[in-house]
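Trainee: This is the content of work-v4.pdb (PDB, C-alpha atoms and all ligand atoms):
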```pdb
ATOM      1  CA  MET Z 229      23.198  29.429   3.218
ATOM      2  CA  THR Z 230      23.050  31.246   6.564
ATOM      3  CA  ASP Z 231      23.517  29.411   9.870
ATOM      4  CA  GLU Z 232      19.808  29.796  10.591
ATOM      5  CA  GLN Z 233      18.821  28.285   7.209
ATOM      6  CA  GLU Z 234      21.234  25.396   7.751
ATOM      7  CA  LYS Z 235      19.753  24.414  11.118
ATOM      8  CA  GLY Z 236      16.183  25.424  10.431
ATOM      9  CA  ARG Z 237      14.430  27.948  12.659
ATOM     10  CA  ASP Z 238      13.869  26.364  16.108
ATOM     11  CA  GLY Z 239      14.783  22.934  14.695
ATOM     12  CA  SER Z 240      11.865  23.070  12.249
ATOM     13  CA  ILE Z 241      11.869  21.208   8.917
ATOM     14  CA  ARG Z 242      13.040  23.454   6.054
ATOM     15  CA  VAL Z 243      10.579  23.142   3.189
ATOM     16  CA  GLY Z 244      10.826  24.321  -0.423
ATOM     17  CA  VAL Z 245       7.821  24.423  -2.751
ATOM     18  CA  LEU Z 246       8.103  23.965  -6.531
ATOM     19  CA  GLY Z 247       5.129  25.299  -8.477
ATOM     20  CA  ALA Z 248       4.670  27.819  -5.666
ATOM     21  CA  ARG Z 249       2.488  30.208  -7.684
ATOM     22  CA  GLY Z 250       0.144  27.449  -8.881
ATOM     23  CA  ARG Z 251      -3.219  26.495  -7.355
ATOM     24  CA  MET Z 252      -1.761  23.713  -5.204
ATOM     25  CA  GLY Z 253       1.686  25.224  -4.655
ATOM     26  CA  ALA Z 254       0.204  28.435  -3.239
ATOM     27  CA  GLU Z 255      -2.008  26.424  -0.881
ATOM     28  CA  VAL Z 256       1.009  24.375   0.247
ATOM     29  CA  CYS Z 257       2.995  27.579   0.941
ATOM     30  CA  ARG Z 258       0.124  28.807   3.153
ATOM     31  CA  ALA Z 259      -0.090  25.439   4.952
ATOM     32  CA  VAL Z 260       3.677  25.291   5.580
ATOM     33  CA  ASP Z 261       3.681  28.904   6.790
ATOM     34  CA  GLY Z 262       0.896  28.050   9.221
ATOM     35  CA  ALA Z 263       2.617  24.973  10.675
ATOM     36  CA  GLY Z 264       4.765  25.629  13.739
ATOM     37  CA  ASP Z 265       7.199  22.791  13.031
ATOM     38  CA  LEU Z 266       7.828  23.688   9.353
ATOM     39  CA  GLU Z 267       9.654  26.605   7.783
ATOM     40  CA  LEU Z 268       9.097  27.762   4.202
ATOM     41  CA  VAL Z 269      12.619  28.476   2.911
ATOM     42  CA  ALA Z 270      11.916  28.524  -0.852
ATOM     43  CA  ALA Z 271       8.977  29.242  -3.152
ATOM     44  CA  VAL Z 272      10.031  28.424  -6.716
ATOM     45  CA  ASP Z 273       7.984  28.662  -9.905
ATOM     46  CA  GLN Z 274       8.555  28.627 -13.651
ATOM     47  CA  GLY Z 275      11.458  30.878 -14.642
ATOM     48  CA  ASP Z 276      13.097  30.714 -11.183
ATOM     49  CA  GLU Z 277      16.365  28.839 -10.659
ATOM     50  CA  LEU Z 278      15.902  25.454  -8.965
ATOM     51  CA  SER Z 279      18.957  26.321  -6.903
ATOM     52  CA  GLY Z 280      16.599  28.632  -5.019
ATOM     53  CA  ALA Z 281      15.438  25.474  -3.240
ATOM     54  CA  SER Z 282      18.947  24.437  -2.160
ATOM     55  CA  ALA Z 283      18.293  25.411   1.465
ATOM     56  CA  ALA Z 284      15.360  22.962   1.711
ATOM     57  CA  GLU Z 285      15.511  19.592   3.453
ATOM     58  CA  VAL Z 286      12.182  18.614   1.908
ATOM     59  CA  VAL Z 287      10.883  19.831  -1.436
ATOM     60  CA  VAL Z 288       7.180  19.662  -2.296
ATOM     61  CA  ASP Z 289       6.447  19.484  -6.049
ATOM     62  CA  PHE Z 290       3.116  20.523  -7.545
ATOM     63  CA  THR Z 291       4.229  21.507 -11.043
ATOM     64  CA  THR Z 292       3.427  19.781 -14.339
ATOM     65  CA  PRO Z 293       4.058  16.281 -15.695
ATOM     66  CA  ASP Z 294       6.600  17.569 -18.238
ATOM     67  CA  VAL Z 295       8.964  19.121 -15.657
ATOM     68  CA  VAL Z 296       8.465  16.990 -12.552
ATOM     69  CA  MET Z 297      11.038  14.330 -13.479
ATOM     70  CA  ASP Z 298      13.810  16.926 -13.910
ATOM     71  CA  ASN Z 299      12.847  18.476 -10.580
ATOM     72  CA  LEU Z 300      12.892  15.120  -8.847
ATOM     73  CA  ARG Z 301      16.264  14.210 -10.341
ATOM     74  CA  TRP Z 302      17.635  17.503  -9.063
ATOM     75  CA  CYS Z 303      16.362  16.728  -5.542
ATOM     76  CA  VAL Z 304      17.665  13.156  -5.423
ATOM     77  CA  ASP Z 305      21.102  14.165  -6.753
ATOM     78  CA  ARG Z 306      21.397  16.780  -4.008
ATOM     79  CA  GLY Z 307      20.111  14.589  -1.189
ATOM     80  CA  VAL Z 308      16.908  16.620  -0.803
ATOM     81  CA  HIS Z 309      13.833  14.599   0.213
ATOM     82  CA  ALA Z 310      10.793  15.076  -2.012
ATOM     83  CA  VAL Z 311       7.028  14.984  -1.644
ATOM     84  CA  VAL Z 312       5.388  14.906  -5.058
ATOM     85  CA  GLY Z 313       1.745  15.495  -5.951
ATOM     86  CA  THR Z 314       2.260  16.234  -9.629
ATOM     87  CA  THR Z 315       0.594  13.707 -11.901
ATOM     88  CA  GLY Z 316       1.994  11.742 -14.846
ATOM     89  CA  PHE Z 317       3.753   8.927 -12.975
ATOM     90  CA  THR Z 318       3.665   5.906 -15.286
ATOM     91  CA  ARG Z 319       5.174   2.594 -14.169
ATOM     92  CA  GLN Z 320       8.288   3.447 -16.221
ATOM     93  CA  ARG Z 321       8.688   6.781 -14.445
ATOM     94  CA  LEU Z 322       8.382   5.145 -11.029
ATOM     95  CA  GLU Z 323      11.065   2.610 -12.040
ATOM     96  CA  GLN Z 324      13.328   5.448 -13.134
ATOM     97  CA  VAL Z 325      12.941   7.159  -9.760
ATOM     98  CA  ARG Z 326      13.706   3.864  -7.975
ATOM     99  CA  GLY Z 327      16.879   3.640 -10.092
ATOM    100  CA  TRP Z 328      18.015   7.129  -9.026
ATOM    101  CA  LEU Z 329      17.268   6.327  -5.378
ATOM    102  CA  ALA Z 330      19.352   3.145  -5.525
ATOM    103  CA  ASP Z 331      22.377   5.476  -5.818
ATOM    104  CA  ARG Z 332      21.123   7.679  -2.957
ATOM    105  CA  PRO Z 333      19.805   5.303  -0.261
ATOM    106  CA  ASP Z 334      19.630   8.178   2.237
ATOM    107  CA  VAL Z 335      16.956  10.053   0.274
ATOM    108  CA  GLY Z 336      13.194   9.647   0.671
ATOM    109  CA  VAL Z 337      10.602  10.357  -2.027
ATOM    110  CA  VAL Z 338       6.838  10.200  -1.484
ATOM    111  CA  ILE Z 339       4.724  10.322  -4.648
ATOM    112  CA  ALA Z 340       0.974  10.375  -4.069
ATOM    113  CA  PRO Z 341      -1.677  10.621  -6.775
ATOM    114  CA  ASN Z 342      -4.002  12.171  -4.199
ATOM    115  CA  PHE Z 343      -3.200  13.671  -0.784
ATOM    116  CA  GLY Z 344      -6.837  13.872   0.316
ATOM    117  CA  ILE Z 345      -7.356  11.446   3.212
ATOM    118  CA  GLY Z 346     -10.894  10.741   1.974
ATOM    119  CA  ALA Z 347      -9.578  10.055  -1.517
ATOM    120  CA  VAL Z 348      -7.006   7.596  -0.157
ATOM    121  CA  LEU Z 349      -9.788   5.777   1.707
ATOM    122  CA  MET Z 350     -11.993   5.860  -1.414
ATOM    123  CA  MET Z 351      -9.216   4.064  -3.336
ATOM    124  CA  GLN Z 352      -8.751   1.515  -0.553
ATOM    125  CA  PHE Z 353     -12.508   0.823  -0.388
ATOM    126  CA  ALA Z 354     -12.653   0.465  -4.185
ATOM    127  CA  ALA Z 355      -9.784  -2.031  -4.175
ATOM    128  CA  ARG Z 356     -11.573  -3.980  -1.430
ATOM    129  CA  ALA Z 357     -14.910  -4.041  -3.287
ATOM    130  CA  ALA Z 358     -13.422  -4.905  -6.692
ATOM    131  CA  ARG Z 359     -13.373  -8.687  -6.313
ATOM    132  CA  HIS Z 360     -17.121  -8.846  -5.568
ATOM    133  CA  PHE Z 361     -18.479  -7.139  -8.736
ATOM    134  CA  GLU Z 362     -18.332  -8.198 -12.367
ATOM    135  CA  SER Z 363     -18.681  -4.614 -13.627
ATOM    136  CA  VAL Z 364     -16.728  -1.510 -12.673
ATOM    137  CA  GLU Z 365     -16.295   1.918 -14.249
ATOM    138  CA  ILE Z 366     -14.631   5.079 -12.917
ATOM    139  CA  ILE Z 367     -16.010   8.583 -13.443
ATOM    140  CA  GLU Z 368     -13.676  11.407 -12.451
ATOM    141  CA  GLN Z 369     -14.759  15.069 -12.494
ATOM    142  CA  HIS Z 370     -12.414  18.067 -12.332
ATOM    143  CA  HIS Z 371     -12.093  21.811 -12.897
ATOM    144  CA  PRO Z 372     -11.587  22.689 -16.580
ATOM    145  CA  ARG Z 373      -8.060  24.072 -16.090
ATOM    146  CA  LYS Z 374      -6.694  20.610 -15.411
ATOM    147  CA  LEU Z 375      -4.083  19.659 -18.040
ATOM    148  CA  ASP Z 376      -4.215  15.864 -17.882
ATOM    149  CA  ALA Z 377      -6.998  13.327 -18.400
ATOM    150  CA  PRO Z 378      -7.815  10.975 -16.921
ATOM    151  CA  SER Z 379      -6.663  12.151 -13.510
ATOM    152  CA  GLY Z 380      -3.768  10.539 -11.670
ATOM    153  CA  THR Z 381      -6.231   9.428  -8.997
ATOM    154  CA  ALA Z 382      -8.475   7.692 -11.546
ATOM    155  CA  THR Z 383      -5.503   6.009 -13.199
ATOM    156  CA  HIS Z 384      -4.193   4.787  -9.842
ATOM    157  CA  THR Z 385      -7.653   3.568  -8.802
ATOM    158  CA  ALA Z 386      -8.064   1.697 -12.088
ATOM    159  CA  ARG Z 387      -4.729  -0.060 -11.559
ATOM    160  CA  LEU Z 388      -5.657  -1.063  -7.983
ATOM    161  CA  VAL Z 389      -9.073  -2.335  -9.103
ATOM    162  CA  ALA Z 390      -7.569  -4.228 -12.046
ATOM    163  CA  GLN Z 391      -5.007  -5.862  -9.771
ATOM    164  CA  ALA Z 392      -7.708  -6.942  -7.284
ATOM    165  CA  ARG Z 393      -9.840  -8.334 -10.127
ATOM    166  CA  ALA Z 394      -6.900 -10.276 -11.523
ATOM    167  CA  GLU Z 395      -6.073 -11.717  -8.068
ATOM    168  CA  ALA Z 396      -9.729 -12.804  -7.719
ATOM    169  CA  GLY Z 397      -9.656 -14.477 -11.140
ATOM    170  CA  LEU Z 398     -12.238 -12.108 -12.654
ATOM    171  CA  GLY Z 399     -12.177 -11.766 -16.444
ATOM    172  CA  PRO Z 400     -13.022  -8.694 -18.555
ATOM    173  CA  THR Z 401     -16.065  -6.645 -17.543
ATOM    174  CA  PRO Z 402     -19.153  -7.509 -19.620
ATOM    175  CA  ASP Z 403     -19.741  -5.062 -22.500
ATOM    176  CA  ALA Z 404     -21.604  -5.816 -25.754
ATOM    177  CA  THR Z 405     -20.714  -2.485 -27.425
ATOM    178  CA  LYS Z 406     -20.067  -3.085 -31.148
ATOM    179  CA  ASP Z 407     -20.669   0.342 -32.592
ATOM    180  CA  GLU Z 408     -18.936   3.172 -30.757
ATOM    181  CA  VAL Z 409     -18.348   6.857 -31.331
ATOM    182  CA  PRO Z 410     -14.625   7.101 -30.384
ATOM    183  CA  GLY Z 411     -14.290   7.913 -26.713
ATOM    184  CA  ALA Z 412     -17.902   7.118 -25.801
ATOM    185  CA  ARG Z 413     -16.820   4.221 -23.599
ATOM    186  CA  GLY Z 414     -13.991   6.166 -21.982
ATOM    187  CA  ALA Z 415     -10.303   5.315 -21.662
ATOM    188  CA  ASP Z 416      -9.188   1.756 -21.015
ATOM    189  CA  ILE Z 417      -6.753   1.585 -18.096
ATOM    190  CA  ASP Z 418      -5.699  -2.007 -17.423
ATOM    191  CA  GLY Z 419      -9.140  -3.135 -18.625
ATOM    192  CA  VAL Z 420     -11.092  -0.632 -16.485
ATOM    193  CA  ARG Z 421     -13.117   2.082 -18.277
ATOM    194  CA  VAL Z 422     -12.389   5.612 -17.021
ATOM    195  CA  HIS Z 423     -14.522   8.644 -17.943
ATOM    196  CA  ALA Z 424     -13.190  12.193 -17.438
ATOM    197  CA  VAL Z 425     -15.590  15.133 -16.958
ATOM    198  CA  ARG Z 426     -14.402  18.774 -16.937
ATOM    199  CA  ALA Z 427     -16.708  21.582 -15.743
ATOM    200  CA  THR Z 428     -16.453  25.012 -14.162
ATOM    201  CA  GLY Z 429     -17.380  24.849 -10.493
ATOM    202  CA  LEU Z 430     -15.801  21.454  -9.899
ATOM    203  CA  VAL Z 431     -12.573  20.931  -7.938
ATOM    204  CA  ALA Z 432     -11.760  17.175  -7.773
ATOM    205  CA  HIS Z 433     -14.345  14.388  -7.562
ATOM    206  CA  GLN Z 434     -14.471  10.691  -8.333
ATOM    207  CA  GLU Z 435     -17.023   7.894  -8.400
ATOM    208  CA  VAL Z 436     -16.205   4.222  -8.675
ATOM    209  CA  LEU Z 437     -19.339   2.428  -9.887
ATOM    210  CA  PHE Z 438     -19.539  -1.324  -9.301
ATOM    211  CA  GLY Z 439     -22.284  -3.604 -10.611
ATOM    212  CA  THR Z 440     -23.343  -7.192 -10.214
ATOM    213  CA  LEU Z 441     -26.639  -9.079 -10.422
ATOM    214  CA  GLY Z 442     -29.468  -6.866  -9.142
ATOM    215  CA  GLU Z 443     -27.283  -4.317  -7.341
ATOM    216  CA  THR Z 444     -24.745  -1.543  -7.755
ATOM    217  CA  LEU Z 445     -22.329   0.048  -5.326
ATOM    218  CA  THR Z 446     -21.055   3.613  -5.795
ATOM    219  CA  ILE Z 447     -18.024   4.818  -3.863
ATOM    220  CA  ARG Z 448     -17.652   8.580  -4.170
ATOM    221  CA  HIS Z 449     -15.193  11.168  -2.943
ATOM    222  CA  ASP Z 450     -15.373  14.968  -3.330
ATOM    223  CA  SER Z 451     -12.702  17.595  -2.745
ATOM    224  CA  TYR Z 452     -14.569  20.914  -2.641
ATOM    225  CA  ASP Z 453     -11.473  22.950  -1.762
ATOM    226  CA  ARG Z 454      -7.715  22.438  -2.135
ATOM    227  CA  VAL Z 455      -7.324  22.693   1.651
ATOM    228  CA  SER Z 456      -8.546  19.073   1.580
ATOM    229  CA  PHE Z 457      -5.122  17.987   0.328
ATOM    230  CA  MET Z 458      -3.090  19.816   2.994
ATOM    231  CA  PRO Z 459      -3.248  17.365   5.939
ATOM    232  CA  GLY Z 460      -1.912  14.649   3.609
ATOM    233  CA  VAL Z 461       0.829  16.893   2.203
ATOM    234  CA  LEU Z 462       1.981  17.929   5.690
ATOM    235  CA  LEU Z 463       1.864  14.309   6.880
ATOM    236  CA  ALA Z 464       4.192  13.344   4.008
ATOM    237  CA  VAL Z 465       6.522  16.316   4.618
ATOM    238  CA  ARG Z 466       6.903  15.283   8.264
ATOM    239  CA  ALA Z 467       7.410  11.588   7.422
ATOM    240  CA  VAL Z 468       9.582  11.592   4.301
ATOM    241  CA  ARG Z 469      12.959  12.123   6.015
ATOM    242  CA  GLN Z 470      12.406   8.884   7.954
ATOM    243  CA  ARG Z 471      11.340   6.935   4.821
ATOM    244  CA  PRO Z 472      14.350   6.410   2.560
ATOM    245  CA  GLY Z 473      13.505   5.061  -0.898
ATOM    246  CA  LEU Z 474      10.286   5.477  -2.855
ATOM    247  CA  THR Z 475       6.853   5.473  -1.221
ATOM    248  CA  VAL Z 476       3.914   5.511  -3.631
ATOM    249  CA  GLY Z 477       0.605   6.655  -2.151
ATOM    250  CA  LEU Z 478      -0.237   7.819   1.357
ATOM    251  CA  ASP Z 479      -1.511   4.442   2.561
ATOM    252  CA  ALA Z 480       1.690   3.412   4.364
ATOM    253  CA  LEU Z 481       1.899   6.803   6.101
ATOM    254  CA  LEU Z 482      -1.703   6.668   7.334
ATOM    255  CA  ASP Z 483      -1.163   3.242   8.857
TER     256      ASP Z 483
HETATM  257  N1  LIG Q 501      -1.634  14.628  -5.554
HETATM  258  C1  LIG Q 501      -2.612  15.480  -5.256
HETATM  259  O1  LIG Q 501      -3.261  15.364  -4.199
HETATM  260  C2  LIG Q 501      -2.930  16.586  -6.191
HETATM  261  C3  LIG Q 501      -2.242  16.676  -7.357
HETATM  262  N2  LIG Q 501      -2.455  17.704  -8.208
HETATM  263  C4  LIG Q 501      -1.593  17.752  -9.371
HETATM  264  O2  LIG Q 501      -0.607  18.758  -9.113
HETATM  265  C5  LIG Q 501      -0.203  19.363 -10.353
HETATM  266  C6  LIG Q 501      -0.376  20.874 -10.247
HETATM  267  O3  LIG Q 501      -1.754  21.175 -10.144
HETATM  268  P1  LIG Q 501      -2.242  22.688 -10.027
HETATM  269  O4  LIG Q 501      -1.617  23.320  -8.848
HETATM  270  O5  LIG Q 501      -3.719  22.655 -10.126
HETATM  271  O6  LIG Q 501      -1.638  23.304 -11.379
HETATM  272  P2  LIG Q 501      -1.213  24.818 -11.674
HETATM  273  O7  LIG Q 501      -1.124  24.907 -13.168
HETATM  274  O8  LIG Q 501      -2.093  25.761 -10.939
HETATM  275  O9  LIG Q 501       0.258  24.925 -11.043
HETATM  276  C7  LIG Q 501       1.431  24.421 -11.605
HETATM  277  C8  LIG Q 501       2.517  25.431 -11.318
HETATM  278  O10 LIG Q 501       3.775  24.878 -11.694
HETATM  279  C9  LIG Q 501       4.539  25.937 -12.253
HETATM  280  N3  LIG Q 501       5.668  25.405 -13.009
HETATM  281  C10 LIG Q 501       5.697  24.959 -14.289
HETATM  282  N4  LIG Q 501       6.938  24.559 -14.615
HETATM  283  C11 LIG Q 501       7.702  24.761 -13.514
HETATM  284  C12 LIG Q 501       9.075  24.546 -13.225
HETATM  285  N5  LIG Q 501       9.915  24.044 -14.137
HETATM  286  N6  LIG Q 501       9.534  24.839 -11.983
HETATM  287  C13 LIG Q 501       8.713  25.342 -11.046
HETATM  288  N7  LIG Q 501       7.395  25.581 -11.272
HETATM  289  C14 LIG Q 501       6.905  25.286 -12.490
HETATM  290  C15 LIG Q 501       3.523  26.713 -13.083
HETATM  291  O11 LIG Q 501       4.006  28.010 -13.433
HETATM  292  C16 LIG Q 501       2.360  26.747 -12.125
HETATM  293  O12 LIG Q 501       2.429  27.868 -11.261
HETATM  294  C17 LIG Q 501      -1.043  18.697 -11.434
HETATM  295  O13 LIG Q 501      -0.310  17.619 -11.990
HETATM  296  C18 LIG Q 501      -2.239  18.172 -10.655
HETATM  297  O14 LIG Q 501      -2.868  17.095 -11.268
HETATM  298  C19 LIG Q 501      -3.392  18.666  -7.944
HETATM  299  C20 LIG Q 501      -4.150  18.596  -6.817
HETATM  300  C21 LIG Q 501      -3.968  17.559  -5.824
HETATM  301  O1  LIG Q 502      -5.438  18.559 -11.045
HETATM  302  C1  LIG Q 502      -6.108  18.436  -9.990
HETATM  303  O2  LIG Q 502      -6.849  19.316  -9.560
HETATM  304  C2  LIG Q 502      -5.991  17.181  -9.243
HETATM  305  N1  LIG Q 502      -5.101  16.320  -9.616
HETATM  306  C3  LIG Q 502      -4.846  15.059  -9.027
HETATM  307  C4  LIG Q 502      -5.213  13.947  -9.990
HETATM  308  O3  LIG Q 502      -4.970  14.093 -11.205
HETATM  309  O4  LIG Q 502      -5.691  12.911  -9.541
HETATM  310  C5  LIG Q 502      -5.496  14.910  -7.673
HETATM  311  C6  LIG Q 502      -6.851  15.527  -7.560
HETATM  312  O5  LIG Q 502      -7.738  14.778  -8.296
HETATM  313  C7  LIG Q 502      -6.825  16.972  -8.039
END
```
Could you show the structure in this file as structure tokens?
Ligand SMILES: NC(=O)C1=CN([C@@H]2O[C@H](COP(=O)(O)OP(=O)(O)OC[C@H]3O[C@@H](n4cnc5c(N)ncnc54)[C@H](O)[C@@H]3O)[C@@H](O)[C@H]2O)C=CC1
Ligand SMILES: O=C(O)C1=N[C@H](C(=O)O)C[C@H](O)C1

Mentor:
Amino acid sequence: MTDEQEKGRDGSIRVGVLGARGRMGAEVCRAVDGAGDLELVAAVDQGDELSGASAAEVVVDFTTPDVVMDNLRWCVDRGVHAVVGTTGFTRQRLEQVRGWLADRPDVGVVIAPNFGIGAVLMMQFAARAARHFESVEIIEQHHPRKLDAPSGTATHTARLVAQARAEAGLGPTPDATKDEVPGARGADIDGVRVHAVRATGLVAHQEVLFGTLGETLTIRHDSYDRVSFMPGVLLAVRAVRQRPGLTVGLDALLD
């Protein structure tokens, strides 16, 4: 590492991007390059050595669910802070990350299912509305190159909604379906039905549809371009060094 890399140019935050040639990673590289207080010191993709990111203070990971845990372990072990947008974070995975961080209390990790500010608000509004409606279903829509279904955002929203329903003492949503073509009623996430649509032309969209007697409420968010995620990613990059431990979601950073 050169002296300049060690200190960061003009005291800026040294950032490494994993998944740098992907749709999100490439956008993050552009956003970091365009930010005066950040310096892109590593752009790593499949086939590159992770050690290429050794000069980074903060690593941003937009890779795939099957490699993200190894990447994160590498960061935590080396005292590198991490901002993670990659999906696939089950409760067990989050617990595992907390376990690693217990041995490295100086390291911060931010994992967010969605870095779009509008998407974060959409999830907050859905959690707030959940206790007032007996029915709720989630419809997420994405580009057809997405590997996972349902989306991390939809899964996270379903968990928040289910938790709010449980706290309000609401039982299962009403549904008389007896005869079902498998999949017709969507995936069941903590008792909330989630439907995943894939179509060319879409980027990332979600509706949370609530129903009760004589009325429905639809809360919808649309990302039309991946630039929509960049303010949230940069917010997390700037904040993570001051947030040791695991932060899940952007909510705490926005407040
Ligand atoms: N949290 C958020 O706001 C958002 C999250 N995502 C999630 O981010 C992830 C990536 O999405 P996209 O960029 O659309 O996918 P993508 O497929 O375009 O990019 C993934 C990149 O990771 C690279 N990669 C694979 N293994 C690697 C390894 N071991 N080391 C370094 N790079 C590796 C691939 O070669 C590829 O370039 C997905 O899980 C997606 O759901 C996407 C958009 C927003
Ligand atoms: O793969 C994507 O594109 C996106 N992935 C994240 C998810 O699974 O929720 C965030 C956003 O929906 C875009």

Trainee: Pull the closest atom pair for each residue of chain Z that gets at most 9 Å from ligand LIG 502 (chain Q), along with the distance in Å to one decimal, counting all atoms listed in the file, ordering rows by chain and then ascending residue number, as a Markdown table.

Mentor:
```
| residue | atom | partner | partner_atom | distance |
| --- | --- | --- | --- | --- |
| Z:Arg251 | CA | Q:LIG502 | O2 | 8.3 |
| Z:Met252 | CA | Q:LIG502 | O2 | 8.0 |
| Z:Gly313 | CA | Q:LIG502 | C3 | 7.3 |
| Z:Thr314 | CA | Q:LIG502 | C3 | 7.2 |
| Z:Thr315 | CA | Q:LIG502 | O3 | 5.6 |
| Z:Gly316 | CA | Q:LIG502 | O3 | 8.2 |
| Z:Ala340 | CA | Q:LIG502 | C5 | 8.7 |
| Z:Pro341 | CA | Q:LIG502 | O4 | 5.4 |
| Z:Asn342 | CA | Q:LIG502 | C5 | 4.7 |
| Z:Phe343 | CA | Q:LIG502 | C5 | 7.4 |
| Z:Gly344 | CA | Q:LIG502 | C6 | 8.0 |
| Z:Ala347 | CA | Q:LIG502 | O5 | 8.5 |
| Z:Glu368 | CA | Q:LIG502 | O5 | 8.0 |
| Z:Gln369 | CA | Q:LIG502 | O5 | 8.2 |
| Z:His370 | CA | Q:LIG502 | O2 | 6.3 |
| Z:His371 | CA | Q:LIG502 | O2 | 6.7 |
| Z:Arg373 | CA | Q:LIG502 | O1 | 7.9 |
| Z:Lys374 | CA | Q:LIG502 | O1 | 5.0 |
| Z:Leu375 | CA | Q:LIG502 | O1 | 7.2 |
| Z:Asp376 | CA | Q:LIG502 | O3 | 6.9 |
| Z:Ala377 | CA | Q:LIG502 | O3 | 7.5 |
| Z:Pro378 | CA | Q:LIG502 | O3 | 7.1 |
| Z:Ser379 | CA | Q:LIG502 | O3 | 3.5 |
| Z:Gly380 | CA | Q:LIG502 | O4 | 3.7 |
| Z:Thr381 | CA | Q:LIG502 | O4 | 3.6 |
| Z:Ala382 | CA | Q:LIG502 | O4 | 6.2 |
| Z:Thr383 | CA | Q:LIG502 | O4 | 7.8 |
| Z:His384 | CA | Q:LIG502 | O4 | 8.3 |
| Z:Val431 | CA | Q:LIG502 | O2 | 6.2 |
| Z:Ala432 | CA | Q:LIG502 | O5 | 4.7 |
| Z:His433 | CA | Q:LIG502 | O5 | 6.7 |
| Z:Gln434 | CA | Q:LIG502 | O5 | 7.9 |
| Z:Ser451 | CA | Q:LIG502 | C6 | 7.9 |
| Z:Arg454 | CA | Q:LIG502 | C7 | 8.1 |
| Z:Phe457 | CA | Q:LIG502 | C6 | 8.4 |
```

Trainee: Using all atoms listed in the file, find the one residue out of Z:Leu300, Z:Val335, Z:Ala358, Z:Ala390 that sits nearest to ligand LIG 501 (chain Q).

Mentor: Z:Leu300

Trainee: Can you work out which one of Z:Gly414, Z:Gly397, Z:Gly280, Z:Gly336 has the shortest atom-to-atom distance to Z:Ala467, counting only C-alpha atoms?

Mentor: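 Ranked by minimum distance to Z:Ala467, first place goes to Z:Gly336.
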
Trainee: Name the residues that the PyMOL selection byres (((chain Z and resi 417) around 9) and not hetatm) pulls out of this structure, and write them as a list of chain:residue names.

Mentor: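 Applying the expression gives Z:Thr383, Z:Ala386, Z:Arg387, Z:Ala390, Z:Ala415, Z:Asp416, Z:Asp418, Z:Gly419, Z:Val420, Z:Arg421, Z:Val422.
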
Trainee: So, with all atoms listed in the file as the atoms that count, which of Z:Leu463, Z:Leu437, Z:Ala404, Z:Val308 lies closest to Z:Pro333?

Mentor: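 The answer is Z:Val308, which sits nearest to Z:Pro333.
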
Trainee: Separation of atom O1 of ligand LIG 501 (chain Q) and atom CA of Z:Arg448, in Å?

Mentor: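 Straight-line distance from atom O1 of ligand LIG 501 (chain Q) to atom CA of Z:Arg448 works out to 15.9 Å.
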
Trainee: Closest to Z:Gln391 among Z:Val269, Z:Val260, Z:Ala355, Z:Leu482, using all atoms listed in the file?

Mentor: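 Result for the nearest residue to Z:Gln391: Z:Ala355.
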
Trainee: Please determine, counting all atoms listed in the file, which residue among Z:Glu267, Z:Ile345, Z:Leu278, Z:Pro472 has the shortest atom-to-atom distance to Z:Val455.

Mentor: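 The closest residue to Z:Val455 is Z:Ile345.
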
Trainee: Considering all atoms listed in the file, can you say which of Z:His309, Z:Ala396, Z:His360, Z:Ser456 comes closest to ligand LIG 501 (chain Q)?

Mentor: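 Closest to ligand LIG 501 (chain Q) of all the choices is Z:Ser456.
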
Trainee: Which protein, DNA or RNA residues have an atom at most 10 Å from (2.4, 23.9, 0.3), counting only C-alpha atoms? List them as number ranges by chain.

Mentor: Z: 243-248, 251-262, 268, 271, 287-290, 455, 457-458, 461-462, 465

Trainee: Keeping C-alpha atoms, export the residues of the selection given above as a JSON list (two decimals), in the frame of the given file.

Mentor:
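The result, stored in out.json:
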```
[["chain", "number", "residue", "atom", "x", "y", "z"],
["Z", 243, "VAL", "CA", 10.58, 23.14, 3.19],
["Z", 244, "GLY", "CA", 10.83, 24.32, -0.42],
["Z", 245, "VAL", "CA", 7.82, 24.42, -2.75],
["Z", 246, "LEU", "CA", 8.10, 23.96, -6.53],
["Z", 247, "GLY", "CA", 5.13, 25.30, -8.48],
["Z", 248, "ALA", "CA", 4.67, 27.82, -5.67],
["Z", 251, "ARG", "CA", -3.22, 26.50, -7.36],
["Z", 252, "MET", "CA", -1.76, 23.71, -5.20],
["Z", 253, "GLY", "CA", 1.69, 25.22, -4.66],
["Z", 254, "ALA", "CA", 0.20, 28.44, -3.24],
["Z", 255, "GLU", "CA", -2.01, 26.42, -0.88],
["Z", 256, "VAL", "CA", 1.01, 24.38, 0.25],
["Z", 257, "CYS", "CA", 3.00, 27.58, 0.94],
["Z", 258, "ARG", "CA", 0.12, 28.81, 3.15],
["Z", 259, "ALA", "CA", -0.09, 25.44, 4.95],
["Z", 260, "VAL", "CA", 3.68, 25.29, 5.58],
["Z", 261, "ASP", "CA", 3.68, 28.90, 6.79],
["Z", 262, "GLY", "CA", 0.90, 28.05, 9.22],
["Z", 268, "LEU", "CA", 9.10, 27.76, 4.20],
["Z", 271, "ALA", "CA", 8.98, 29.24, -3.15],
["Z", 287, "VAL", "CA", 10.88, 19.83, -1.44],
["Z", 288, "VAL", "CA", 7.18, 19.66, -2.30],
["Z", 289, "ASP", "CA", 6.45, 19.48, -6.05],
["Z", 290, "PHE", "CA", 3.12, 20.52, -7.54],
["Z", 455, "VAL", "CA", -7.32, 22.69, 1.65],
["Z", 457, "PHE", "CA", -5.12, 17.99, 0.33],
["Z", 458, "MET", "CA", -3.09, 19.82, 2.99],
["Z", 461, "VAL", "CA", 0.83, 16.89, 2.20],
["Z", 462, "LEU", "CA", 1.98, 17.93, 5.69],
["Z", 465, "VAL", "CA", 6.52, 16.32, 4.62]]
```
